Amino acid sequence: MSSFDRLLEYLSENSLNFPVLHHITFPKGIPRDDLVIKAGANAGALLVDGLGDCILLEALDQGFEFLRNTFFNLL
């Protein structure tokens with residue numbers, strides 16, 4: 001069981017109902033295609049399974065429009 005699964009189990013068992021944010025930071029120079037694939041693989045699957053409520057993508061060398069479009073496409 002991953003640490004994230006344990007966290008979600010703990011929240012559920014203790015009736016702690018608040019949003020879970022997936023914050024993914026990408027290194028400078030990552031190609032856009034790799035960023036989209038990694039964001040989808042890391043957070044998209046969790047959101048589809050209902051594990052988490054939102055995503056924060058951080059890539060300092062990528063433009064806001066690209067990150068916004070990637071974020072909304074994942075949702």
# chains A, B, ... in the order shown; residues from 1 in each chain; ligands from 1

$ residues_around --residues "Leu60 (chain A)" --least-positions-apart "2" --cutoff "12 Å" --atoms "only C-alpha atoms" --output "PyMOL selection string"
chain A and resi 24-30+57-58+62-64+66-67

$ write_last_selection --atoms "N, CA, C and O atoms" --output "compact mmCIF listing (two decimals), in the first residue's frame"
# COMPACT_ATOMS: atom_id res chain seq x y z
N ILE A 24 1.99 18.51 -8.58
CA ILE A 24 3.05 17.85 -9.35
C ILE A 24 4.00 18.93 -9.87
O ILE A 24 3.57 19.85 -10.56
N THR A 25 5.27 18.82 -9.50
CA THR A 25 6.29 19.75 -9.94
C THR A 25 7.16 19.07 -11.00
O THR A 25 7.60 17.94 -10.81
N PHE A 26 7.39 19.78 -12.09
CA PHE A 26 8.19 19.26 -13.19
C PHE A 26 9.49 20.03 -13.29
O PHE A 26 9.52 21.24 -13.04
N PRO A 27 10.58 19.36 -13.66
CA PRO A 27 11.87 20.05 -13.78
C PRO A 27 11.91 20.97 -14.99
O PRO A 27 11.17 20.78 -15.96
N LYS A 28 12.77 21.96 -14.90
CA LYS A 28 12.96 22.85 -16.06
C LYS A 28 13.47 22.05 -17.23
O LYS A 28 14.25 21.11 -17.08
N GLY A 29 13.01 22.42 -18.41
CA GLY A 29 13.47 21.79 -19.63
C GLY A 29 12.74 20.52 -20.02
O GLY A 29 13.09 19.89 -21.01
N ILE A 30 11.73 20.13 -19.26
CA ILE A 30 10.99 18.91 -19.62
C ILE A 30 10.21 19.18 -20.91
O ILE A 30 9.56 20.23 -21.04
N LEU A 57 -0.38 21.83 -11.34
CA LEU A 57 0.79 21.52 -12.15
C LEU A 57 1.76 22.69 -12.06
O LEU A 57 1.37 23.84 -12.28
N GLU A 58 3.01 22.40 -11.73
CA GLU A 58 4.02 23.45 -11.61
C GLU A 58 5.19 23.12 -12.52
O GLU A 58 5.85 22.10 -12.36
N GLN A 62 7.26 26.63 -18.40
CA GLN A 62 6.15 26.45 -19.33
C GLN A 62 5.17 27.61 -19.20
O GLN A 62 5.00 28.17 -18.12
N GLY A 63 4.50 27.94 -20.27
CA GLY A 63 3.56 29.04 -20.27
C GLY A 63 2.27 28.71 -19.54
O GLY A 63 1.86 27.55 -19.45
N PHE A 64 1.63 29.75 -19.05
CA PHE A 64 0.38 29.58 -18.31
C PHE A 64 -0.70 28.92 -19.16
O PHE A 64 -1.41 28.02 -18.70
N PHE A 66 -0.47 26.87 -21.70
CA PHE A 66 -0.19 25.45 -21.90
C PHE A 66 -0.55 24.66 -20.65
O PHE A 66 -1.21 23.62 -20.72
N LEU A 67 -0.14 25.13 -19.47
CA LEU A 67 -0.44 24.43 -18.23
C LEU A 67 -1.94 24.40 -17.95
O LEU A 67 -2.49 23.39 -17.52

$ select_by_dssp --residues "chain A" --states "strand (DSSP E)" --output "ChimeraX atom specification"
/A:21-25,54-58

$ write_last_selection --atoms "all heavy atoms" --output "CSV table (one decimal), in the first residue's frame"
chain,number,residue,atom,x,y,z
A,21,LEU,N,-5.4,17.7,-2.8
A,21,LEU,CA,-4.7,18.4,-3.9
A,21,LEU,C,-3.5,17.6,-4.4
A,21,LEU,O,-2.7,17.2,-3.6
A,21,LEU,CB,-4.3,19.8,-3.5
A,21,LEU,CG,-3.4,20.5,-4.5
A,21,LEU,CD1,-4.1,21.0,-5.7
A,21,LEU,CD2,-2.7,21.7,-3.8
A,22,HIS,N,-3.5,17.3,-5.7
A,22,HIS,CA,-2.3,16.6,-6.3
A,22,HIS,C,-1.4,17.7,-6.8
A,22,HIS,O,-1.7,18.4,-7.8
A,22,HIS,CB,-2.7,15.7,-7.4
A,22,HIS,CG,-3.6,14.5,-6.9
A,22,HIS,ND1,-3.1,13.5,-6.2
A,22,HIS,CD2,-4.9,14.3,-7.1
A,22,HIS,CE1,-4.1,12.7,-6.0
A,22,HIS,NE2,-5.2,13.1,-6.4
A,23,HIS,N,-0.3,18.0,-6.2
A,23,HIS,CA,0.7,19.0,-6.6
A,23,HIS,C,1.8,18.3,-7.3
A,23,HIS,O,2.6,17.5,-6.6
A,23,HIS,CB,1.2,19.8,-5.4
A,23,HIS,CG,2.2,20.9,-5.8
A,23,HIS,ND1,2.9,21.5,-4.8
A,23,HIS,CD2,2.5,21.4,-6.9
A,23,HIS,CE1,3.7,22.4,-5.4
A,23,HIS,NE2,3.5,22.3,-6.7
A,24,ILE,N,2.0,18.5,-8.6
A,24,ILE,CA,3.0,17.9,-9.3
A,24,ILE,C,4.0,18.9,-9.9
A,24,ILE,O,3.6,19.8,-10.6
A,24,ILE,CB,2.5,17.1,-10.5
A,24,ILE,CG1,1.4,16.0,-10.0
A,24,ILE,CG2,3.6,16.4,-11.3
A,24,ILE,CD1,0.7,15.4,-11.1
A,25,THR,N,5.3,18.8,-9.5
A,25,THR,CA,6.3,19.7,-9.9
A,25,THR,C,7.2,19.1,-11.0
A,25,THR,O,7.6,17.9,-10.8
A,25,THR,CB,7.2,20.2,-8.7
A,25,THR,OG1,6.3,20.7,-7.7
A,25,THR,CG2,8.2,21.2,-9.2
A,54,CYS,N,-8.3,17.8,-6.9
A,54,CYS,CA,-7.8,18.8,-7.8
A,54,CYS,C,-6.3,18.6,-8.1
A,54,CYS,O,-5.7,17.8,-7.5
A,54,CYS,CB,-8.1,20.2,-7.3
A,54,CYS,SG,-7.4,20.5,-5.7
A,55,ILE,N,-5.9,19.3,-9.1
A,55,ILE,CA,-4.5,19.2,-9.6
A,55,ILE,C,-3.8,20.6,-9.6
A,55,ILE,O,-4.4,21.5,-10.0
A,55,ILE,CB,-4.4,18.6,-11.0
A,55,ILE,CG1,-5.1,17.3,-11.1
A,55,ILE,CG2,-2.9,18.5,-11.4
A,55,ILE,CD1,-5.2,16.8,-12.5
A,56,LEU,N,-2.6,20.6,-9.2
A,56,LEU,CA,-1.8,21.8,-9.3
A,56,LEU,C,-0.5,21.4,-10.1
A,56,LEU,O,0.3,20.6,-9.6
A,56,LEU,CB,-1.4,22.4,-8.0
A,56,LEU,CG,-0.3,23.5,-8.0
A,56,LEU,CD1,-0.9,24.7,-8.8
A,56,LEU,CD2,0.0,24.0,-6.6
A,57,LEU,N,-0.4,21.8,-11.3
A,57,LEU,CA,0.8,21.5,-12.1
A,57,LEU,C,1.8,22.7,-12.1
A,57,LEU,O,1.4,23.8,-12.3
A,57,LEU,CB,0.4,21.3,-13.6
A,57,LEU,CG,-0.6,20.2,-13.9
A,57,LEU,CD1,-0.9,20.1,-15.4
A,57,LEU,CD2,0.0,18.9,-13.4
A,58,GLU,N,3.0,22.4,-11.7
A,58,GLU,CA,4.0,23.4,-11.6
A,58,GLU,C,5.2,23.1,-12.5
A,58,GLU,O,5.9,22.1,-12.4
A,58,GLU,CB,4.5,23.5,-10.2
A,58,GLU,CG,5.5,24.7,-9.9
A,58,GLU,CD,5.8,24.8,-8.4
A,58,GLU,OE1,5.2,24.2,-7.6
A,58,GLU,OE2,6.8,25.4,-8.2

$ closest_residue --among "A:Glu13, A:Arg6, A:Arg32, A:Phe18" --to "Asn69 (chain A)" --atoms "only C-alpha atoms"
A:Arg32

$ residues_around --residues "Leu8 (chain A)" --least-positions-apart "4" --cutoff "9 Å" --atoms "only C-alpha atoms" --output "PyMOL selection string"
chain A and resi 3-4+12-13+20+51-52

$ select_by_dssp --residues "region 28-68 of chain A" --states "helix (DSSP H, G or I)" --output "list in words"
Arg32, Asp33, Asp34, Leu35, Val36, Ile37, Lys38, Ala39, Gly40, Ala41, Asn42, Ala43, Gly44, Ala45, Leu46, Leu47, Val48, Phe64, Glu65, Phe66, Leu67 and Arg68 of chain A

$ closest_residue --among "A:Pro31, A:Asn42, A:Asp49, A:Ile37" --to "Asp61 (chain A)" --atoms "only C-alpha atoms"
A:Pro31

$ atom_distance --atom1 "CA of Ala45 (chain A)" --atom2 "CA of Ser2 (chain A)"
14.6 Å

$ closest_residue --among "A:Asp53, A:Asn14, A:Ala59, A:Glu65" --to "Ala39 (chain A)" --atoms "only C-alpha atoms"
A:Ala59

$ atom_distance --atom1 "CA of Asp34 (chain A)" --atom2 "CA of Phe72 (chain A)"
16.8 Å

$ atom_distance --atom1 "CA of Leu74 (chain A)" --atom2 "CA of Leu11 (chain A)"
24.4 Å

$ decode --residues "region 37-71 of chain A" --atoms "N, CA, C and O atoms" --output "PDB file, in the first residue's frame"
ATOM      1  N   ILE A  37       2.209  13.542 -20.571  1.00  0.00           N
ATOM      2  CA  ILE A  37       2.136  12.105 -20.288  1.00  0.00           C
ATOM      3  C   ILE A  37       2.318  11.835 -18.795  1.00  0.00           C
ATOM      4  O   ILE A  37       1.566  11.062 -18.189  1.00  0.00           O
ATOM      5  N   LYS A  38       3.303  12.470 -18.182  1.00  0.00           N
ATOM      6  CA  LYS A  38       3.562  12.238 -16.756  1.00  0.00           C
ATOM      7  C   LYS A  38       2.430  12.785 -15.884  1.00  0.00           C
ATOM      8  O   LYS A  38       2.058  12.152 -14.891  1.00  0.00           O
ATOM      9  N   ALA A  39       1.885  13.939 -16.234  1.00  0.00           N
ATOM     10  CA  ALA A  39       0.771  14.488 -15.468  1.00  0.00           C
ATOM     11  C   ALA A  39      -0.435  13.562 -15.556  1.00  0.00           C
ATOM     12  O   ALA A  39      -1.108  13.291 -14.556  1.00  0.00           O
ATOM     13  N   GLY A  40      -0.714  13.059 -16.752  1.00  0.00           N
ATOM     14  CA  GLY A  40      -1.836  12.144 -16.924  1.00  0.00           C
ATOM     15  C   GLY A  40      -1.633  10.843 -16.180  1.00  0.00           C
ATOM     16  O   GLY A  40      -2.559  10.323 -15.541  1.00  0.00           O
ATOM     17  N   ALA A  41      -0.423  10.298 -16.234  1.00  0.00           N
ATOM     18  CA  ALA A  41      -0.135   9.032 -15.561  1.00  0.00           C
ATOM     19  C   ALA A  41      -0.163   9.184 -14.048  1.00  0.00           C
ATOM     20  O   ALA A  41      -0.645   8.298 -13.340  1.00  0.00           O
ATOM     21  N   ASN A  42       0.342  10.299 -13.539  1.00  0.00           N
ATOM     22  CA  ASN A  42       0.441  10.481 -12.091  1.00  0.00           C
ATOM     23  C   ASN A  42      -0.875  10.922 -11.450  1.00  0.00           C
ATOM     24  O   ASN A  42      -1.276  10.385 -10.430  1.00  0.00           O
ATOM     25  N   ALA A  43      -1.520  11.900 -12.011  1.00  0.00           N
ATOM     26  CA  ALA A  43      -2.710  12.451 -11.370  1.00  0.00           C
ATOM     27  C   ALA A  43      -4.007  12.033 -12.048  1.00  0.00           C
ATOM     28  O   ALA A  43      -5.019  11.856 -11.380  1.00  0.00           O
ATOM     29  N   GLY A  44      -3.979  11.886 -13.363  1.00  0.00           N
ATOM     30  CA  GLY A  44      -5.207  11.560 -14.081  1.00  0.00           C
ATOM     31  C   GLY A  44      -5.841  10.271 -13.604  1.00  0.00           C
ATOM     32  O   GLY A  44      -7.053  10.202 -13.365  1.00  0.00           O
ATOM     33  N   ALA A  45      -5.039   9.238 -13.429  1.00  0.00           N
ATOM     34  CA  ALA A  45      -5.573   7.952 -12.980  1.00  0.00           C
ATOM     35  C   ALA A  45      -6.172   8.056 -11.579  1.00  0.00           C
ATOM     36  O   ALA A  45      -7.209   7.454 -11.291  1.00  0.00           O
ATOM     37  N   LEU A  46      -5.536   8.812 -10.708  1.00  0.00           N
ATOM     38  CA  LEU A  46      -6.059   8.985  -9.349  1.00  0.00           C
ATOM     39  C   LEU A  46      -7.405   9.706  -9.362  1.00  0.00           C
ATOM     40  O   LEU A  46      -8.330   9.326  -8.644  1.00  0.00           O
ATOM     41  N   LEU A  47      -7.506  10.738 -10.186  1.00  0.00           N
ATOM     42  CA  LEU A  47      -8.762  11.478 -10.259  1.00  0.00           C
ATOM     43  C   LEU A  47      -9.877  10.630 -10.842  1.00  0.00           C
ATOM     44  O   LEU A  47     -11.023  10.692 -10.377  1.00  0.00           O
ATOM     45  N   VAL A  48      -9.567   9.818 -11.838  1.00  0.00           N
ATOM     46  CA  VAL A  48     -10.574   8.929 -12.426  1.00  0.00           C
ATOM     47  C   VAL A  48     -11.086   7.946 -11.377  1.00  0.00           C
ATOM     48  O   VAL A  48     -12.270   7.626 -11.336  1.00  0.00           O
ATOM     49  N   ASP A  49     -10.197   7.490 -10.499  1.00  0.00           N
ATOM     50  CA  ASP A  49     -10.590   6.565  -9.438  1.00  0.00           C
ATOM     51  C   ASP A  49     -11.268   7.268  -8.269  1.00  0.00           C
ATOM     52  O   ASP A  49     -11.645   6.618  -7.293  1.00  0.00           O
ATOM     53  N   GLY A  50     -11.411   8.587  -8.354  1.00  0.00           N
ATOM     54  CA  GLY A  50     -12.049   9.340  -7.273  1.00  0.00           C
ATOM     55  C   GLY A  50     -11.129   9.613  -6.102  1.00  0.00           C
ATOM     56  O   GLY A  50     -11.589   9.925  -5.002  1.00  0.00           O
ATOM     57  N   LEU A  51      -9.828   9.499  -6.311  1.00  0.00           N
ATOM     58  CA  LEU A  51      -8.849   9.716  -5.242  1.00  0.00           C
ATOM     59  C   LEU A  51      -8.226  11.093  -5.409  1.00  0.00           C
ATOM     60  O   LEU A  51      -7.236  11.271  -6.093  1.00  0.00           O
ATOM     61  N   GLY A  52      -8.806  12.055  -4.782  1.00  0.00           N
ATOM     62  CA  GLY A  52      -8.326  13.426  -4.886  1.00  0.00           C
ATOM     63  C   GLY A  52      -9.373  14.303  -5.543  1.00  0.00           C
ATOM     64  O   GLY A  52     -10.327  13.823  -6.151  1.00  0.00           O
ATOM     65  N   ASP A  53      -9.152  15.607  -5.416  1.00  0.00           N
ATOM     66  CA  ASP A  53     -10.149  16.558  -5.863  1.00  0.00           C
ATOM     67  C   ASP A  53      -9.643  17.563  -6.886  1.00  0.00           C
ATOM     68  O   ASP A  53     -10.431  18.124  -7.627  1.00  0.00           O
ATOM     69  N   CYS A  54      -8.340  17.814  -6.910  1.00  0.00           N
ATOM     70  CA  CYS A  54      -7.833  18.819  -7.834  1.00  0.00           C
ATOM     71  C   CYS A  54      -6.347  18.582  -8.118  1.00  0.00           C
ATOM     72  O   CYS A  54      -5.701  17.779  -7.461  1.00  0.00           O
ATOM     73  N   ILE A  55      -5.861  19.308  -9.117  1.00  0.00           N
ATOM     74  CA  ILE A  55      -4.470  19.173  -9.555  1.00  0.00           C
ATOM     75  C   ILE A  55      -3.818  20.553  -9.582  1.00  0.00           C
ATOM     76  O   ILE A  55      -4.441  21.521  -9.999  1.00  0.00           O
ATOM     77  N   LEU A  56      -2.574  20.605  -9.164  1.00  0.00           N
ATOM     78  CA  LEU A  56      -1.750  21.796  -9.329  1.00  0.00           C
ATOM     79  C   LEU A  56      -0.507  21.367 -10.090  1.00  0.00           C
ATOM     80  O   LEU A  56       0.293  20.569  -9.590  1.00  0.00           O
ATOM     81  N   LEU A  57      -0.384  21.828 -11.336  1.00  0.00           N
ATOM     82  CA  LEU A  57       0.791  21.525 -12.148  1.00  0.00           C
ATOM     83  C   LEU A  57       1.758  22.692 -12.057  1.00  0.00           C
ATOM     84  O   LEU A  57       1.366  23.839 -12.276  1.00  0.00           O
ATOM     85  N   GLU A  58       3.008  22.400 -11.730  1.00  0.00           N
ATOM     86  CA  GLU A  58       4.021  23.446 -11.610  1.00  0.00           C
ATOM     87  C   GLU A  58       5.190  23.122 -12.522  1.00  0.00           C
ATOM     88  O   GLU A  58       5.853  22.098 -12.360  1.00  0.00           O
ATOM     89  N   ALA A  59       5.389  23.981 -13.509  1.00  0.00           N
ATOM     90  CA  ALA A  59       6.517  23.875 -14.426  1.00  0.00           C
ATOM     91  C   ALA A  59       6.928  25.305 -14.759  1.00  0.00           C
ATOM     92  O   ALA A  59       6.290  25.972 -15.563  1.00  0.00           O
ATOM     93  N   LEU A  60       7.970  25.756 -14.119  1.00  0.00           N
ATOM     94  CA  LEU A  60       8.321  27.174 -14.174  1.00  0.00           C
ATOM     95  C   LEU A  60       8.682  27.676 -15.564  1.00  0.00           C
ATOM     96  O   LEU A  60       8.527  28.863 -15.847  1.00  0.00           O
ATOM     97  N   ASP A  61       9.138  26.790 -16.438  1.00  0.00           N
ATOM     98  CA  ASP A  61       9.525  27.254 -17.766  1.00  0.00           C
ATOM     99  C   ASP A  61       8.447  27.028 -18.831  1.00  0.00           C
ATOM    100  O   ASP A  61       8.695  27.232 -20.007  1.00  0.00           O
ATOM    101  N   GLN A  62       7.259  26.629 -18.399  1.00  0.00           N
ATOM    102  CA  GLN A  62       6.146  26.447 -19.335  1.00  0.00           C
ATOM    103  C   GLN A  62       5.165  27.613 -19.196  1.00  0.00           C
ATOM    104  O   GLN A  62       5.003  28.166 -18.121  1.00  0.00           O
ATOM    105  N   GLY A  63       4.501  27.936 -20.274  1.00  0.00           N
ATOM    106  CA  GLY A  63       3.564  29.043 -20.270  1.00  0.00           C
ATOM    107  C   GLY A  63       2.268  28.711 -19.543  1.00  0.00           C
ATOM    108  O   GLY A  63       1.859  27.551 -19.446  1.00  0.00           O
ATOM    109  N   PHE A  64       1.626  29.752 -19.045  1.00  0.00           N
ATOM    110  CA  PHE A  64       0.380  29.581 -18.306  1.00  0.00           C
ATOM    111  C   PHE A  64      -0.695  28.923 -19.158  1.00  0.00           C
ATOM    112  O   PHE A  64      -1.408  28.018 -18.698  1.00  0.00           O
ATOM    113  N   GLU A  65      -0.851  29.344 -20.402  1.00  0.00           N
ATOM    114  CA  GLU A  65      -1.894  28.792 -21.275  1.00  0.00           C
ATOM    115  C   GLU A  65      -1.701  27.291 -21.487  1.00  0.00           C
ATOM    116  O   GLU A  65      -2.659  26.524 -21.459  1.00  0.00           O
ATOM    117  N   PHE A  66      -0.474  26.871 -21.705  1.00  0.00           N
ATOM    118  CA  PHE A  66      -0.190  25.454 -21.896  1.00  0.00           C
ATOM    119  C   PHE A  66      -0.553  24.657 -20.649  1.00  0.00           C
ATOM    120  O   PHE A  66      -1.210  23.616 -20.724  1.00  0.00           O
ATOM    121  N   LEU A  67      -0.139  25.132 -19.469  1.00  0.00           N
ATOM    122  CA  LEU A  67      -0.442  24.429 -18.226  1.00  0.00           C
ATOM    123  C   LEU A  67      -1.940  24.403 -17.952  1.00  0.00           C
ATOM    124  O   LEU A  67      -2.493  23.388 -17.525  1.00  0.00           O
ATOM    125  N   ARG A  68      -2.619  25.499 -18.223  1.00  0.00           N
ATOM    126  CA  ARG A  68      -4.068  25.568 -18.011  1.00  0.00           C
ATOM    127  C   ARG A  68      -4.777  24.579 -18.924  1.00  0.00           C
ATOM    128  O   ARG A  68      -5.651  23.832 -18.490  1.00  0.00           O
ATOM    129  N   ASN A  69      -4.410  24.551 -20.189  1.00  0.00           N
ATOM    130  CA  ASN A  69      -5.026  23.617 -21.129  1.00  0.00           C
ATOM    131  C   ASN A  69      -4.744  22.165 -20.740  1.00  0.00           C
ATOM    132  O   ASN A  69      -5.642  21.319 -20.816  1.00  0.00           O
ATOM    133  N   THR A  70      -3.522  21.878 -20.315  1.00  0.00           N
ATOM    134  CA  THR A  70      -3.179  20.534 -19.881  1.00  0.00           C
ATOM    135  C   THR A  70      -4.013  20.138 -18.668  1.00  0.00           C
ATOM    136  O   THR A  70      -4.572  19.037 -18.599  1.00  0.00           O
ATOM    137  N   PHE A  71      -4.125  21.042 -17.722  1.00  0.00           N
ATOM    138  CA  PHE A  71      -4.907  20.795 -16.504  1.00  0.00           C
ATOM    139  C   PHE A  71      -6.368  20.477 -16.842  1.00  0.00           C
ATOM    140  O   PHE A  71      -6.923  19.489 -16.394  1.00  0.00           O
TER     141      PHE A  71
END
